[in-house]
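Below is one structure, written out as structure tokens; the observations come after it.
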Amino acid sequence: MDEQLRQIGERLRGLRDVLDIEASEMATLCGISLENYLAMEKGESELSVANLQKIAKQYGVSLDVLMFGEEPKMSSYFLTRKGHGMSVERRSAYNYESLASGFRGRKADPFIVTVEPKPIDTPKEMNSHSGQEFNMVLEGSMELTIGPKVLTLQEGDSVYFDATQPHGMRTLNDKPVRFLAIIF
């Protein structure tokens, strides 16, 4: 995981260098402190997929380039075999498997997200981003907070929501959860 975070940080720094963007501008775009942003560029802290997507959209680069260092090449279809999507462990408890990383110009970013349980007293990390999001629980169960609403989702349950609303999740029953997340 540390190597993946370091590589994402290097790509962010490279993007800033090429486009002559101040680190403070990136931090403001992500809604985080400059110190936190600079720690992410050094690979010492994590940057959410939502913030990577904000940066990608703002500066006209592919999310895949920031996450995986590869430009999508396919334009008619892209096949992802079970368990073979491009994967990045955003933090020790979250693993994102991209299901469309090779498709150029896509309108949505689908992921299989696996989340390991944390102690019950660990606060939920809330985030928000432009667009909409769809989540469907494949295995396990989770508690999802969207704005003031707290929802419990079991295997097979799904939710579609306005992603500009602050949202965050945690696993239930001290077991991992796997869900399909599509960010539009």
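Chains: A, B, ... in order of the structure tokens. Residues: from 1 per chain. Ligands: from 1, in order shown.
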
Closest-contact table, segment 30-49 of chain A side, partner segment 1-13 of chain A, 6 Å, counting only C-alpha atoms, as a tab-separated table:
```
residue	atom	partner	partner_atom	distance
A:Met40	CA	A:Gly9	CA	5.7
A:Glu41	CA	A:Gly9	CA	3.7
A:Lys42	CA	A:Gly9	CA	5.6
A:Gly43	CA	A:Arg6	CA	3.8
```

Strand (DSSP E) per DSSP on the backbone: members of chain A, as a PyMOL selection string
chain A and resi 86-91+94-98+109-115+132-139+142-146+149-153+158-162+167-171+177-183

Tell me which protein, DNA and RNA residues are within 9 Å of Phe111 of chain A, counting only C-alpha atoms, leaving out same-chain ones fewer than 3 positions away, and put them as a PyMOL selection string.
chain A and resi 85+96-100+179-183

Need to verify the contact set: Glu71 of chain A, 10 Å, only C-alpha atoms, exclusion of same-chain residues closer than 2 positions in sequence. Can you return it as a PDB file with N, CA, C and O atoms, in the first residue's frame?
```pdb
ATOM      1  N   VAL A  61      -7.566  15.172 -16.801  1.00  0.00           N
ATOM      2  CA  VAL A  61      -6.783  13.949 -16.907  1.00  0.00           C
ATOM      3  C   VAL A  61      -7.664  12.766 -16.505  1.00  0.00           C
ATOM      4  O   VAL A  61      -8.677  12.927 -15.842  1.00  0.00           O
ATOM      5  N   SER A  62      -7.259  11.603 -16.908  1.00  0.00           N
ATOM      6  CA  SER A  62      -7.994  10.395 -16.569  1.00  0.00           C
ATOM      7  C   SER A  62      -7.747  10.018 -15.109  1.00  0.00           C
ATOM      8  O   SER A  62      -6.612  10.112 -14.622  1.00  0.00           O
ATOM      9  N   LEU A  63      -8.797   9.579 -14.433  1.00  0.00           N
ATOM     10  CA  LEU A  63      -8.645   9.062 -13.074  1.00  0.00           C
ATOM     11  C   LEU A  63      -7.650   7.911 -13.057  1.00  0.00           C
ATOM     12  O   LEU A  63      -6.860   7.765 -12.128  1.00  0.00           O
ATOM     13  N   ASP A  64      -7.643   7.107 -14.119  1.00  0.00           N
ATOM     14  CA  ASP A  64      -6.717   5.975 -14.218  1.00  0.00           C
ATOM     15  C   ASP A  64      -5.259   6.427 -14.203  1.00  0.00           C
ATOM     16  O   ASP A  64      -4.410   5.751 -13.637  1.00  0.00           O
ATOM     17  N   VAL A  65      -4.988   7.544 -14.836  1.00  0.00           N
ATOM     18  CA  VAL A  65      -3.610   8.054 -14.867  1.00  0.00           C
ATOM     19  C   VAL A  65      -3.169   8.386 -13.444  1.00  0.00           C
ATOM     20  O   VAL A  65      -2.058   8.043 -13.037  1.00  0.00           O
ATOM     21  N   LEU A  66      -4.043   9.040 -12.672  1.00  0.00           N
ATOM     22  CA  LEU A  66      -3.683   9.388 -11.302  1.00  0.00           C
ATOM     23  C   LEU A  66      -3.574   8.154 -10.408  1.00  0.00           C
ATOM     24  O   LEU A  66      -2.641   8.029  -9.626  1.00  0.00           O
ATOM     25  N   PHE A  68      -3.417   4.711 -11.357  1.00  0.00           N
ATOM     26  CA  PHE A  68      -2.644   3.560 -11.806  1.00  0.00           C
ATOM     27  C   PHE A  68      -1.458   3.913 -12.699  1.00  0.00           C
ATOM     28  O   PHE A  68      -0.670   3.049 -13.054  1.00  0.00           O
ATOM     29  N   GLY A  69      -1.361   5.171 -13.141  1.00  0.00           N
ATOM     30  CA  GLY A  69      -0.266   5.582 -14.002  1.00  0.00           C
ATOM     31  C   GLY A  69      -0.414   5.128 -15.432  1.00  0.00           C
ATOM     32  O   GLY A  69       0.561   5.103 -16.178  1.00  0.00           O
ATOM     33  N   LYS A  73      -7.046   2.843 -23.052  1.00  0.00           N
ATOM     34  CA  LYS A  73      -6.808   2.699 -24.478  1.00  0.00           C
ATOM     35  C   LYS A  73      -8.031   2.247 -25.264  1.00  0.00           C
ATOM     36  O   LYS A  73      -8.125   2.473 -26.453  1.00  0.00           O
ATOM     37  N   MET A  74      -8.969   1.561 -24.633  1.00  0.00           N
ATOM     38  CA  MET A  74     -10.107   0.981 -25.345  1.00  0.00           C
ATOM     39  C   MET A  74     -11.246   1.996 -25.478  1.00  0.00           C
ATOM     40  O   MET A  74     -11.491   2.783 -24.578  1.00  0.00           O
ATOM     41  N   SER A 101     -10.953   0.401 -15.977  1.00  0.00           N
ATOM     42  CA  SER A 101      -9.747   1.227 -16.067  1.00  0.00           C
ATOM     43  C   SER A 101      -9.197   1.386 -17.473  1.00  0.00           C
ATOM     44  O   SER A 101      -8.534   2.372 -17.760  1.00  0.00           O
ATOM     45  N   GLY A 102      -9.469   0.481 -18.361  1.00  0.00           N
ATOM     46  CA  GLY A 102      -8.924   0.578 -19.713  1.00  0.00           C
ATOM     47  C   GLY A 102      -9.836   1.220 -20.726  1.00  0.00           C
ATOM     48  O   GLY A 102      -9.472   1.340 -21.893  1.00  0.00           O
ATOM     49  N   PHE A 103     -11.034   1.678 -20.286  1.00  0.00           N
ATOM     50  CA  PHE A 103     -11.984   2.262 -21.233  1.00  0.00           C
ATOM     51  C   PHE A 103     -11.810   3.778 -21.285  1.00  0.00           C
ATOM     52  O   PHE A 103     -11.964   4.470 -20.281  1.00  0.00           O
ATOM     53  N   ARG A 104     -11.501   4.278 -22.445  1.00  0.00           N
ATOM     54  CA  ARG A 104     -11.223   5.697 -22.654  1.00  0.00           C
ATOM     55  C   ARG A 104     -12.527   6.492 -22.731  1.00  0.00           C
ATOM     56  O   ARG A 104     -13.476   6.089 -23.374  1.00  0.00           O
TER      57      ARG A 104
END
```

Apply DSSP to the structure's backbone, then extract all residues of segment 26-135 of chain A labelled alpha helix (DSSP H) and return them as a PyMOL selection string.
chain A and resi 26-30+34-41+49-59+63-68
